Structures are given as structure tokens and as C-alpha cells.
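Colleague: Contents of query18.cif (mmCIF, C-alpha atoms and all ligand atoms) are below:
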```
data_protein
#
loop_
_atom_site.group_PDB
_atom_site.id
_atom_site.type_symbol
_atom_site.label_atom_id
_atom_site.label_comp_id
_atom_site.auth_asym_id
_atom_site.auth_seq_id
_atom_site.Cartn_x
_atom_site.Cartn_y
_atom_site.Cartn_z
ATOM 1 C CA MET A 73 6.636 4.671 1.625
ATOM 2 C CA ASN A 74 3.859 5.126 4.146
ATOM 3 C CA ASP A 75 1.375 2.367 3.659
ATOM 4 C CA ASP A 76 -0.876 0.166 5.728
ATOM 5 C CA GLY A 77 1.057 -2.946 4.947
ATOM 6 C CA HIS A 78 0.738 -6.002 2.808
ATOM 7 C CA SER A 79 0.065 -8.949 5.105
ATOM 8 C CA MET A 80 -2.490 -11.355 3.656
ATOM 9 C CA LEU A 81 -3.272 -12.198 7.303
ATOM 10 C CA ALA A 82 -4.639 -8.676 7.819
ATOM 11 C CA PRO A 83 -7.407 -8.803 5.195
ATOM 12 C CA ALA A 84 -9.188 -5.573 4.239
ATOM 13 C CA SER A 85 -11.795 -7.116 1.920
ATOM 14 C CA ASP A 86 -14.141 -10.111 2.002
ATOM 15 C CA ALA A 87 -12.135 -11.823 -0.744
ATOM 16 C CA ALA A 88 -8.907 -11.487 1.249
ATOM 17 C CA SER A 89 -10.751 -12.615 4.386
ATOM 18 C CA SER A 90 -11.854 -15.858 2.747
ATOM 19 C CA ILE A 91 -8.274 -16.479 1.586
ATOM 20 C CA ALA A 92 -6.950 -15.805 5.100
ATOM 21 C CA THR A 93 -9.599 -18.110 6.629
ATOM 22 C CA LEU A 94 -8.593 -20.878 4.219
ATOM 23 C CA TRP A 95 -4.949 -20.307 5.155
ATOM 24 C CA TRP A 96 -5.643 -20.585 8.897
ATOM 25 C CA LEU A 97 -7.773 -23.676 8.333
ATOM 26 C CA MET A 98 -4.989 -25.351 6.353
ATOM 27 C CA LEU A 99 -2.429 -24.371 8.982
ATOM 28 C CA GLY A 100 -4.698 -25.854 11.676
ATOM 29 C CA ILE A 101 -5.225 -29.144 9.809
ATOM 30 C CA ALA A 102 -1.537 -29.461 8.861
ATOM 31 C CA GLY A 103 -0.550 -28.590 12.457
ATOM 32 C CA ALA A 104 -2.913 -31.213 13.898
ATOM 33 C CA VAL A 105 -1.570 -33.878 11.511
ATOM 34 C CA PHE A 106 2.000 -32.926 12.413
ATOM 35 C CA VAL A 107 1.322 -33.179 16.161
ATOM 36 C CA LEU A 108 -0.476 -36.511 15.696
ATOM 37 C CA VAL A 109 2.329 -38.059 13.614
ATOM 38 C CA ILE A 110 5.082 -36.868 15.985
ATOM 39 C CA GLY A 111 2.979 -38.117 18.937
ATOM 40 C CA LEU A 112 2.565 -41.562 17.369
ATOM 41 C CA TYR A 113 6.267 -41.670 16.561
ATOM 42 C CA GLY A 114 7.149 -40.818 20.174
ATOM 43 C CA TYR A 115 4.681 -43.393 21.474
ATOM 44 C CA ALA A 116 6.160 -46.098 19.221
ATOM 45 C CA ALA A 117 9.731 -45.276 20.240
ATOM 46 C CA LEU A 118 8.863 -45.369 23.954
ATOM 47 C CA ARG A 119 6.936 -48.632 23.681
ATOM 48 C CA ARG A 120 9.721 -50.246 21.735
ATOM 49 C CA ARG A 121 12.255 -49.375 24.416
ATOM 50 C CA GLY A 122 10.053 -50.562 27.314
ATOM 51 C CA ASP A 123 9.165 -53.829 25.619
ATOM 52 C CA ALA A 124 12.385 -55.604 24.601
ATOM 53 C CA ALA A 125 10.593 -58.811 23.664
ATOM 54 C CA SER A 126 9.426 -58.054 20.115
ATOM 55 C CA ASP A 127 5.972 -59.151 19.048
ATOM 56 C CA ASP A 128 6.788 -58.771 15.347
ATOM 57 C CA ASP A 129 6.111 -62.440 14.769
ATOM 58 C CA ASP A 130 2.634 -62.432 16.290
ATOM 59 C CA PRO A 131 0.192 -62.628 13.319
ATOM 60 C CA ALA A 132 -2.577 -60.679 15.146
ATOM 61 C CA SER A 133 -0.153 -57.871 15.899
ATOM 62 C CA MET A 134 1.034 -57.833 12.258
ATOM 63 C CA ARG A 135 -2.546 -57.446 11.034
ATOM 64 C CA ARG A 136 -3.130 -54.559 13.427
ATOM 65 C CA ALA A 137 0.035 -52.889 12.189
ATOM 66 C CA GLN A 138 -0.995 -53.321 8.530
ATOM 67 C CA ARG A 139 -4.411 -51.877 9.252
ATOM 68 C CA LEU A 140 -2.858 -48.882 10.975
ATOM 69 C CA VAL A 141 -0.516 -48.228 8.036
ATOM 70 C CA LEU A 142 -3.330 -48.551 5.500
ATOM 71 C CA LEU A 143 -5.656 -46.306 7.463
ATOM 72 C CA GLY A 144 -3.147 -43.741 8.754
ATOM 73 C CA GLY A 145 -0.963 -43.702 5.644
ATOM 74 C CA GLY A 146 -3.644 -43.992 2.950
ATOM 75 C CA VAL A 147 -7.274 -43.445 3.854
ATOM 76 C CA VAL A 148 -6.962 -40.591 6.381
ATOM 77 C CA PRO A 149 -4.496 -38.511 4.262
ATOM 78 C CA ALA A 150 -6.687 -39.046 1.190
ATOM 79 C CA VAL A 151 -9.776 -37.790 3.056
ATOM 80 C CA ILE A 152 -7.869 -34.763 4.416
ATOM 81 C CA LEU A 153 -6.353 -33.851 1.028
ATOM 82 C CA VAL A 154 -9.648 -34.217 -0.830
ATOM 83 C CA GLY A 155 -11.312 -32.099 1.881
ATOM 84 C CA MET A 156 -8.698 -29.337 1.598
ATOM 85 C CA THR A 157 -8.943 -29.408 -2.220
ATOM 86 C CA ALA A 158 -12.717 -29.024 -1.974
ATOM 87 C CA LEU A 159 -12.344 -26.061 0.416
ATOM 88 C CA THR A 160 -9.871 -24.459 -2.002
ATOM 89 C CA ILE A 161 -12.172 -24.933 -4.988
ATOM 90 C CA VAL A 162 -15.149 -23.481 -3.101
ATOM 91 C CA THR A 163 -13.076 -20.431 -2.045
ATOM 92 C CA LEU A 164 -11.660 -19.923 -5.559
ATOM 93 C CA ASP A 165 -15.099 -20.208 -7.094
ATOM 94 C CA ARG A 166 -16.438 -17.572 -4.710
ATOM 95 C CA LEU A 167 -13.536 -15.228 -5.510
ATOM 96 C CA LEU A 168 -13.824 -15.557 -9.270
ATOM 97 C CA THR A 169 -17.588 -15.344 -9.661
ATOM 98 C CA GLU A 170 -17.970 -12.267 -7.440
ATOM 99 C CA HIS A 171 -20.040 -9.685 -9.337
ATOM 100 C CA HIS A 172 -19.811 -11.820 -12.428
ATOM 101 C CA GLY A 173 -20.987 -10.227 -15.647
ATOM 102 C CA SER A 174 -20.484 -6.591 -14.667
ATOM 103 C CA GLU A 175 -18.399 -4.315 -16.877
ATOM 104 C CA ALA A 176 -14.754 -3.679 -16.008
ATOM 105 C CA ASP A 177 -14.196 -0.304 -14.302
ATOM 106 C CA VAL A 178 -10.457 -0.097 -14.644
ATOM 107 C CA GLU A 179 -7.754 -1.749 -16.689
ATOM 108 C CA VAL A 180 -4.352 -2.537 -15.212
ATOM 109 C CA ILE A 181 -1.630 -3.341 -17.725
ATOM 110 C CA GLY A 182 1.650 -4.898 -16.631
ATOM 111 C CA HIS A 183 4.854 -3.540 -18.170
ATOM 112 C CA GLN A 184 8.504 -4.240 -17.458
ATOM 113 C CA PHE A 185 8.545 -2.891 -14.687
ATOM 114 C CA TRP A 186 5.525 -0.755 -13.896
ATOM 115 C CA TRP A 187 1.731 -0.760 -13.868
ATOM 116 C CA GLU A 188 -0.331 1.228 -16.356
ATOM 117 C CA ILE A 189 -3.771 2.076 -14.945
ATOM 118 C CA ARG A 190 -6.676 3.192 -17.140
ATOM 119 C CA TYR A 191 -10.086 4.091 -15.730
ATOM 120 C CA LEU A 192 -12.395 2.909 -18.490
ATOM 121 C CA GLY A 193 -14.878 5.434 -19.756
ATOM 122 C CA SER A 194 -13.500 8.341 -17.712
ATOM 123 C CA GLY A 195 -10.263 9.026 -19.588
ATOM 124 C CA ALA A 196 -8.215 9.003 -16.373
ATOM 125 C CA VAL A 197 -4.839 7.359 -16.880
ATOM 126 C CA THR A 198 -2.175 6.940 -14.252
ATOM 127 C CA ALA A 199 0.577 4.579 -13.198
ATOM 128 C CA ASN A 200 1.617 2.574 -10.168
ATOM 129 C CA GLU A 201 -1.123 4.061 -8.018
ATOM 130 C CA LEU A 202 -4.552 2.452 -8.120
ATOM 131 C CA HIS A 203 -7.280 4.451 -6.390
ATOM 132 C CA LEU A 204 -10.468 2.661 -5.336
ATOM 133 C CA PRO A 205 -13.716 3.749 -3.698
ATOM 134 C CA VAL A 206 -14.295 2.133 -0.292
ATOM 135 C CA GLY A 207 -17.329 -0.109 0.136
ATOM 136 C CA ARG A 208 -17.982 -0.479 -3.599
ATOM 137 C CA PRO A 209 -16.720 -3.286 -5.837
ATOM 138 C CA THR A 210 -14.300 -2.250 -8.577
ATOM 139 C CA ARG A 211 -13.942 -4.685 -11.422
ATOM 140 C CA VAL A 212 -10.324 -4.751 -12.591
ATOM 141 C CA ARG A 213 -9.319 -6.070 -16.003
ATOM 142 C CA LEU A 214 -5.741 -7.313 -16.184
ATOM 143 C CA ARG A 215 -3.434 -7.772 -19.146
ATOM 144 C CA THR A 216 0.223 -7.448 -20.007
ATOM 145 C CA ALA A 217 2.090 -5.425 -22.613
ATOM 146 C CA ASP A 218 5.100 -7.734 -22.651
ATOM 147 C CA VAL A 219 5.998 -10.734 -20.456
ATOM 148 C CA ILE A 220 4.095 -12.580 -17.711
ATOM 149 C CA HIS A 221 3.457 -10.504 -14.592
ATOM 150 C CA SER A 222 1.197 -11.238 -11.656
ATOM 151 C CA PHE A 223 -1.001 -8.642 -9.979
ATOM 152 C CA TRP A 224 -1.060 -9.091 -6.218
ATOM 153 C CA VAL A 225 -2.469 -6.884 -3.470
ATOM 154 C CA PRO A 226 -2.338 -9.277 -0.490
ATOM 155 C CA ARG A 227 -4.714 -7.345 1.783
ATOM 156 C CA LEU A 228 -7.415 -7.186 -0.913
ATOM 157 C CA HIS A 229 -7.222 -10.310 -3.072
ATOM 158 C CA GLY A 230 -5.178 -13.296 -4.220
ATOM 159 C CA LYS A 231 -2.652 -13.217 -7.050
ATOM 160 C CA MET A 232 -3.799 -13.058 -10.646
ATOM 161 C CA ASP A 233 -1.420 -13.734 -13.514
ATOM 162 C CA MET A 234 -1.143 -11.380 -16.473
ATOM 163 C CA THR A 235 -0.382 -13.628 -19.419
ATOM 164 C CA PRO A 236 0.439 -12.374 -22.943
ATOM 165 C CA GLY A 237 -2.573 -12.660 -25.248
ATOM 166 C CA ARG A 238 -5.089 -13.086 -22.413
ATOM 167 C CA THR A 239 -7.130 -10.797 -20.223
ATOM 168 C CA THR A 240 -8.242 -11.787 -16.754
ATOM 169 C CA GLU A 241 -10.424 -10.012 -14.235
ATOM 170 C CA LEU A 242 -10.814 -9.707 -10.515
ATOM 171 C CA VAL A 243 -12.941 -7.625 -8.202
ATOM 172 C CA LEU A 244 -11.365 -5.411 -5.555
ATOM 173 C CA HIS A 245 -13.776 -4.427 -2.816
ATOM 174 C CA PRO A 246 -11.983 -2.722 0.094
ATOM 175 C CA ARG A 247 -13.913 -2.533 3.366
ATOM 176 C CA GLU A 248 -11.889 0.264 4.900
ATOM 177 C CA ALA A 249 -9.962 3.286 3.677
ATOM 178 C CA GLY A 250 -6.216 2.799 3.565
ATOM 179 C CA THR A 251 -3.122 2.480 1.431
ATOM 180 C CA TYR A 252 -2.314 -1.083 0.550
ATOM 181 C CA ARG A 253 0.903 -2.284 -0.942
ATOM 182 C CA GLY A 254 0.797 -4.313 -4.152
ATOM 183 C CA PHE A 255 3.421 -6.468 -5.843
ATOM 184 C CA CYS A 256 4.291 -8.251 -9.036
ATOM 185 C CA GLY A 257 4.051 -11.910 -8.072
ATOM 186 C CA GLU A 258 5.753 -13.483 -11.081
ATOM 187 C CA PHE A 259 9.415 -13.121 -12.013
ATOM 188 C CA CYS A 260 9.498 -10.822 -15.029
ATOM 189 C CA GLY A 261 13.080 -9.570 -15.300
ATOM 190 C CA LEU A 262 15.743 -7.604 -13.460
ATOM 191 C CA GLN A 263 13.432 -5.183 -11.698
ATOM 192 C CA HIS A 264 10.709 -7.702 -10.825
ATOM 193 C CA SER A 265 11.170 -7.345 -7.069
ATOM 194 C CA LEU A 266 10.741 -3.555 -7.227
ATOM 195 C CA MET A 267 7.684 -3.646 -9.483
ATOM 196 C CA GLY A 268 5.412 -2.374 -6.749
ATOM 197 C CA LEU A 269 2.220 -0.389 -6.630
ATOM 198 C CA LEU A 270 0.104 1.451 -4.101
ATOM 199 C CA VAL A 271 -3.604 0.821 -3.835
ATOM 200 C CA ILE A 272 -5.331 3.774 -2.225
ATOM 201 C CA ALA A 273 -8.849 3.046 -0.972
ATOM 202 C CA GLN A 274 -10.771 6.230 -0.184
ATOM 203 C CA PRO A 275 -14.351 7.379 0.502
ATOM 204 C CA PRO A 276 -16.390 7.406 -2.749
ATOM 205 C CA ASP A 277 -16.630 11.234 -2.946
ATOM 206 C CA ARG A 278 -12.863 11.676 -2.499
ATOM 207 C CA PHE A 279 -12.299 8.954 -5.095
ATOM 208 C CA ALA A 280 -14.635 10.664 -7.576
ATOM 209 C CA GLU A 281 -12.777 13.967 -7.098
ATOM 210 C CA TRP A 282 -9.447 12.249 -7.651
ATOM 211 C CA GLN A 283 -10.689 10.479 -10.783
ATOM 212 C CA GLN A 284 -12.045 13.717 -12.273
ATOM 213 C CA ALA A 285 -8.731 15.459 -11.615
ATOM 214 C CA GLN A 286 -6.791 12.631 -13.257
ATOM 215 C CA ALA A 287 -9.059 12.708 -16.312
ATOM 216 C CA ARG A 288 -8.402 16.415 -16.908
ATOM 217 C CA PRO A 289 -5.723 17.451 -19.401
ATOM 218 C CA ALA A 290 -2.480 18.918 -18.104
ATOM 219 C CA GLU A 291 -2.763 22.512 -16.994
ATOM 220 C CA VAL A 292 -0.692 24.983 -18.940
ATOM 221 C CA SER A 293 1.396 26.990 -16.541
ATOM 222 C CA THR A 294 2.487 30.509 -17.430
ATOM 223 C CA ASP A 295 5.681 30.232 -15.380
ATOM 224 C CA ALA A 296 8.734 30.969 -17.575
ATOM 225 C CA ARG A 297 10.878 28.180 -16.150
ATOM 226 C CA VAL A 298 8.058 25.672 -16.599
ATOM 227 C CA ALA A 299 7.794 26.743 -20.252
ATOM 228 C CA ILE A 300 11.527 26.149 -20.723
ATOM 229 C CA GLY A 301 11.090 22.775 -19.022
ATOM 230 C CA ALA A 302 8.348 21.840 -21.455
ATOM 231 C CA ASP A 303 10.733 22.608 -24.334
ATOM 232 C CA VAL A 304 13.426 20.469 -22.711
ATOM 233 C CA PHE A 305 10.843 17.684 -22.365
ATOM 234 C CA ALA A 306 10.186 17.898 -26.109
ATOM 235 C CA ARG A 307 13.838 18.205 -27.181
ATOM 236 C CA ALA A 308 15.027 15.361 -24.936
ATOM 237 C CA ASP A 309 12.398 13.125 -26.605
ATOM 238 C CA CYS A 310 10.723 12.263 -23.290
ATOM 239 C CA GLY A 311 7.456 12.218 -25.235
ATOM 240 C CA LEU A 312 8.527 9.195 -27.282
ATOM 241 C CA CYS A 313 7.759 7.059 -24.227
ATOM 242 C CA HIS A 314 5.666 9.245 -21.926
ATOM 243 C CA ALA A 315 2.335 10.886 -22.656
ATOM 244 C CA VAL A 316 1.264 14.274 -21.294
ATOM 245 C CA ARG A 317 -2.405 14.553 -22.179
ATOM 246 C CA GLY A 318 -3.963 17.745 -23.492
ATOM 247 C CA GLY A 319 -3.004 21.373 -23.055
ATOM 248 C CA ALA A 320 -0.797 23.353 -25.391
ATOM 249 C CA ARG A 321 2.100 20.959 -24.834
ATOM 250 C CA SER A 322 0.221 17.779 -25.539
ATOM 251 C CA THR A 323 2.355 14.868 -26.661
ATOM 252 C CA PRO A 324 1.163 12.073 -28.924
ATOM 253 C CA PRO A 325 -0.159 9.012 -27.105
ATOM 254 C CA ALA A 326 2.742 6.951 -25.825
ATOM 255 C CA ASP A 327 2.575 4.134 -23.361
ATOM 256 C CA VAL A 328 6.122 2.819 -23.277
ATOM 257 C CA GLY A 329 6.520 4.556 -19.932
ATOM 258 C CA PRO A 330 4.023 5.949 -17.410
ATOM 259 C CA ASP A 331 1.564 8.700 -18.393
ATOM 260 C CA LEU A 332 2.950 11.911 -16.857
ATOM 261 C CA THR A 333 -0.112 14.180 -17.178
ATOM 262 C CA HIS A 334 -0.467 14.353 -13.389
ATOM 263 C CA VAL A 335 2.845 12.849 -12.323
ATOM 264 C CA ALA A 336 3.365 15.375 -9.514
ATOM 265 C CA SER A 337 0.148 14.223 -7.828
ATOM 266 C CA ARG A 338 1.505 10.715 -7.346
ATOM 267 C CA ARG A 339 3.069 9.593 -4.090
ATOM 268 C CA THR A 340 5.926 7.544 -5.470
ATOM 269 C CA LEU A 341 8.383 7.262 -8.337
ATOM 270 C CA GLY A 342 9.724 4.125 -9.978
ATOM 271 C CA SER A 343 6.721 1.886 -9.170
ATOM 272 C CA ALA A 344 6.431 2.603 -5.458
ATOM 273 C CA THR A 345 10.195 2.455 -5.068
ATOM 274 C CA VAL A 346 10.937 5.952 -3.709
ATOM 275 C CA PRO A 347 8.774 8.862 -2.471
ATOM 276 C CA ASN A 348 7.945 11.387 -5.189
ATOM 277 C CA THR A 349 10.233 14.248 -4.156
ATOM 278 C CA VAL A 350 12.111 16.802 -6.237
ATOM 279 C CA GLN A 351 15.417 15.181 -5.259
ATOM 280 C CA HIS A 352 14.288 11.719 -6.335
ATOM 281 C CA LEU A 353 12.796 13.082 -9.548
ATOM 282 C CA ARG A 354 16.169 14.674 -10.447
ATOM 283 C CA GLN A 355 18.015 11.475 -9.618
ATOM 284 C CA TRP A 356 15.506 9.429 -11.580
ATOM 285 C CA ILE A 357 15.939 11.532 -14.743
ATOM 286 C CA ILE A 358 19.737 11.680 -14.570
ATOM 287 C CA ASP A 359 20.302 8.031 -13.751
ATOM 288 C CA PRO A 360 17.279 5.801 -13.165
ATOM 289 C CA HIS A 361 19.552 2.762 -13.089
ATOM 290 C CA ARG A 362 21.061 3.884 -9.816
ATOM 291 C CA LEU A 363 17.674 3.615 -8.137
ATOM 292 C CA LYS A 364 16.536 0.609 -10.133
ATOM 293 C CA PRO A 365 19.237 -1.317 -12.016
ATOM 294 C CA GLY A 366 17.890 -2.821 -15.229
ATOM 295 C CA VAL A 367 14.955 -0.435 -15.565
ATOM 296 C CA ARG A 368 13.912 0.300 -19.168
ATOM 297 C CA MET A 369 14.257 4.091 -18.952
ATOM 298 C CA PRO A 370 17.573 5.420 -20.278
ATOM 299 C CA ALA A 371 19.655 7.959 -18.353
ATOM 300 C CA THR A 372 19.210 11.536 -19.574
ATOM 301 C CA ARG A 373 22.256 13.800 -19.319
ATOM 302 C CA LEU A 374 21.280 17.456 -19.186
ATOM 303 C CA PRO A 375 22.989 20.669 -18.142
ATOM 304 C CA ASP A 376 21.936 21.640 -14.595
ATOM 305 C CA GLU A 377 19.840 24.556 -15.803
ATOM 306 C CA GLU A 378 17.828 22.457 -18.230
ATOM 307 C CA LEU A 379 17.400 19.720 -15.637
ATOM 308 C CA ASP A 380 16.038 22.272 -13.152
ATOM 309 C CA ALA A 381 13.578 23.538 -15.758
ATOM 310 C CA LEU A 382 12.507 19.997 -16.699
ATOM 311 C CA VAL A 383 11.932 19.145 -13.044
ATOM 312 C CA ALA A 384 9.942 22.391 -12.621
ATOM 313 C CA TYR A 385 7.788 21.401 -15.608
ATOM 314 C CA LEU A 386 7.146 17.902 -14.247
ATOM 315 C CA GLU A 387 6.401 19.334 -10.791
ATOM 316 C CA SER A 388 3.796 21.603 -12.422
ATOM 317 C CA LEU A 389 1.907 18.529 -13.681
ATOM 318 C CA ARG A 390 -0.347 18.149 -10.669
HETATM 319 CU CU1 LIG A 401 6.383 -7.898 -13.285
HETATM 320 CU CU2 LIG A 401 7.474 -9.430 -11.906
#
```
Mind turning the file's structure into C-alpha cells?
Modeller:
Amino acid sequence: MNDDGHSMLAPASDAASSIATLWWLMLGIAGAVFVLVIGLYGYAALRRRGDAASDDDDPASMRRAQRLVLLGGGVVPAVILVGMTALTIVTLDRLLTEHHGSEADVEVIGHQFWWEIRYLGSGAVTANELHLPVGRPTRVRLRTADVIHSFWVPRLHGKMDMTPGRTTELVLHPREAGTYRGFCGEFCGLQHSLMGLLVIAQPPDRFAEWQQAQARPAEVSTDARVAIGADVFARADCGLCHAVRGGARSTPPADVGPDLTHVASRRTLGSATVPNTVQHLRQWIIDPHRLKPGVRMPATRLPDEELDALVAYLESLR
């Protein structure tokens, strides 16, 4: 998958920058403390060796030692820890109150093991591929359809849990166009580690075009093989789990699996697991468990001809 990476140390938004700054600050403080402690330890060991006559019994020396332990082992660590906690709280507060009170623009729903993405008010529904306009904040509402997941796009924001019965929100505000890798950050079952997503940040006009295209119903192709494929889709009960919005072959709303209205326009299959190619699509239909063991989608055995037609139908959904 071609993407611009996922390192939280290469932030592409102000929120991610403040998290990265906090991380470097903590690394610096922890590094300084480490060097100081090892230095003191080395100093003590060297002094001990050079000075065979112990001064353990000298009361003034004992008091100095006690003071050092109290200060170095109690007061200084307490000050440092309280300071780091305060920095964390200030950063968290800034992240969570950003653009407070605005309406959510998009809803991301965690499923075992994929991401449902609904652009509120526009009717655009997609999966595993979150498009965002560059330079504009997008308020994202998060919830889960089953177990606990955690939405995490390291280059844009911190992790946010998706807990059953609760909705949470965060604001994604990419500074530069790019494709950022996202993850599920909470163990949620067999395919947790491959529950990925792509976040595609693009110029506002390109984003608007994309969103309009995704909101449109599926186009009805006149191609004969595509028509056969649509029948196969119906007979194989694909529509029990997957929606194809609008058109003559509209299926009832179903959100057990990803919305397929514009599946061919997406870059990946299986939650950013493999590139969206005809070969992978065939493999995915025949035996999704080979690509992703434990995935919820059942294997679909079809004669070659019907499989070809089904793939042609899905490829027509652009
Ligand atoms: Cu969803 Cu881990």
C-alpha cells in the first residue's frame, strides 16, 4: 500500500505536533534523569574504591547521605512527575477542546474488523478509506458496532477508544495533502492487527468532488456481463451484509459489511490489507480467510463464469 507512513514523530497536524513535542520533552527529561542517576552511581562506586576507610560512622556524613536520599529519591522525582503530568493534562485538554461545540462532519464506526465511514448530511458512505480536506478541521464522531476498538492515525492525532454504548469525538486537521495510515489500537479479535485504514488528505475542491461522487447512487451499467454479475450478487446473498445504494439493483440497507456502492473506487481491500486489484477481489470473494484468517466474511464458492461476472459487476461500481 502506498502511503506516507504512520510515524507519530512525523506529525502532519497541529494536534499530532503537540503530541510529538510532549513525547520529545518526556524523552529529554527521562534521558537527563537516567544520565544523572548513572553518573551518580559511577561517582559513588569510584569514590568507594579510592577511599577504603569508610566514613559510614561519621554522623555528619550520615545526615548528608539521608538528605541526598530524601531529596534525590523523593522531592526531585515528585516535582518531575507532577510537572510531566501537568504537561500531559495541558496537551490533552488542548486536543480535546479543539473546535469544541461544532457539529460532527463524519461518523466512523468500528466493526470487527473494518471501519464504516459516513459523511453526515451528504449521504456519502464508504469503508476503510477516510478522505479529508486539507487545511480545514473535520470533526469525527466515533462509535463501535460491536466490541472495543481504538481509532488511531498517528500522523494526525492520538488514539481514541470506541467503547460500546458511547460516542466520542476528535478533530482531524491535516496541514498537508497525503495518505496517512491508520490503525485499530485496541485488541478486538483475530484480525485486530490487520484492521487498518487509509486517511487521504486532499485539497478541498478535490475532496468535495470525491464526496459528491461517493454520495451518488451506483451507476447502472448496460454491459451484459455486469448484469449477470448483479444477478449473481443477489443470488449469492451478498446483499444481506453489503449495501449497494440506489440504481436499479439497489439492495436494502445493510451494514454488516462495507458499503459497496463505489467499491471499485477504493484503493484497498480488506481494511487496507491488500491493493484493490481484480486478482485480490477474486481471491477475497472465494476465500477471504486466506488473506485475513478469522475475518467475518464467509467464503463464497462460485463457478468460474459466475465469479468473473460478479467481479465485473463489482468493478463497475466506481
Ligand atoms: Cu478493532 Cu482492534
Colleague: Between A:Ala132, A:Val212, A:Ala117, A:Ile181, which is the closest to ligand LIG 401 (chain A) once you count only C-alpha atoms and all ligand atoms?
Modeller: A:Ile181
Colleague: From the options A:Lys231, A:Arg208, A:Arg288, A:Arg307, which residue's atoms come nearest to Pro275 in chain A, counting all atoms listed in the file?
Modeller: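 Using all atoms listed in the file, Pro275 in chain A sits closest to A:Arg208.
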Colleague: For a cut-off of 10 Å around (-0.5, 14.2, -13.3), file coordinates, pick out all residues using all atoms listed in the file and list them as a list in words.
Modeller: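 Nearby residues: Ala196, Val197, Thr198, Ala199, Ala285, Gln286, Ala287, Arg288, Pro289, Ala290, Glu291, Val316, Arg317, Asp331, Leu332, Thr333, His334, Val335, Ala336, Ser337, Arg338, Leu386, Glu387, Ser388, Leu389 and Arg390 of chain A.
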Colleague: Using all atoms listed in the file, find each protein or nucleic acid residue lying at most 9 Å from ligand LIG 401 (chain A); present the set as a PyMOL selection string.
Modeller: chain A and resi 182-187+219-223+234+255-268
Colleague: Quick one: of A:Ala381, A:Val109, A:Ala273, A:Leu242, who's nearest to Asp76 in chain A, counting all atoms listed in the file?
Modeller: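 Distance minimum relative to Asp76 in chain A lands on A:Ala273.
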Colleague: On this structure, the PyMOL selection byres (((chain A and resi 340) around 9) and not hetatm) would catch which residues? List them as a PyMOL selection string, sorted by chain and number.
Modeller: chain A and resi 73+200-201+269-270+338-339+341-349
Colleague: Of the candidates A:Leu379, A:Leu167, A:Ala384, A:Ala150, which shows the shortest atom-to-atom distance to Ala299 in chain A, using all atoms listed in the file?
Modeller: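 So, comparing all the options, the nearest one is A:Ala384.
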Colleague: Calculated over only C-alpha atoms, which of the candidates A:Asp165, A:Cys313, A:Asp277, A:Leu363 has the smallest distance to Ser90 in chain A?
Modeller: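 Among the listed residues, the smallest separation from Ser90 in chain A belongs to A:Asp165.
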Colleague: Report, in Å to a single decimal, how far apart CA of Thr235 in chain A and CA of Thr157 in chain A are.
Modeller: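 Separating CA of Thr157 in chain A from CA of Thr235 in chain A is a distance of 24.9 Å.
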Colleague: Might you pull out every residue within 12 Å of range 243-248 of chain A, with all atoms listed in the file counted and same-chain residues fewer than 3 positions away left off, and present them as an MDAnalysis selection string?
Modeller: chainID A and resid 76 82:89 166:179 202:214 223:232 240 251:252 271:276
Colleague: Interatomic distance between CA of Val180 in chain A and CA of Arg215 in chain A?
Modeller: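 One can read the CA of Val180 in chain A to CA of Arg215 in chain A distance as 6.6 Å.
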Colleague: I'd like the contact shell of Pro370 in chain A - 10 Å cut-off, all atoms listed in the file, skipping same-chain residues fewer than 2 positions apart - returned as a list of chain:residue names.
Modeller: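 The residues satisfying every condition are A:Trp356, A:Ile357, A:Ile358, A:Asp359, A:Pro360, A:His361, A:Gly366, A:Val367, A:Arg368, A:Thr372, A:Arg373.
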Colleague: Suppose you want the space between CA of Ala302 in chain A and CA of Ala315 in chain A; what is it in Å?
Modeller: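 Answer for the CA of Ala302 in chain A to CA of Ala315 in chain A separation: 12.6 Å.
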Colleague: Using the file's own x, y and z axes, what box holds all listed atoms of range 190-198 of chain A with 4 Å on each side, keeping edges along x, y and z, and what are its centre and edge lengths in Å to one decimal, as JSON?
Modeller:
```
{"center_x": -8.5, "center_y": 6.0, "center_z": -17.0, "size_x": 20.7, "size_y": 14.1, "size_z": 13.5}
```
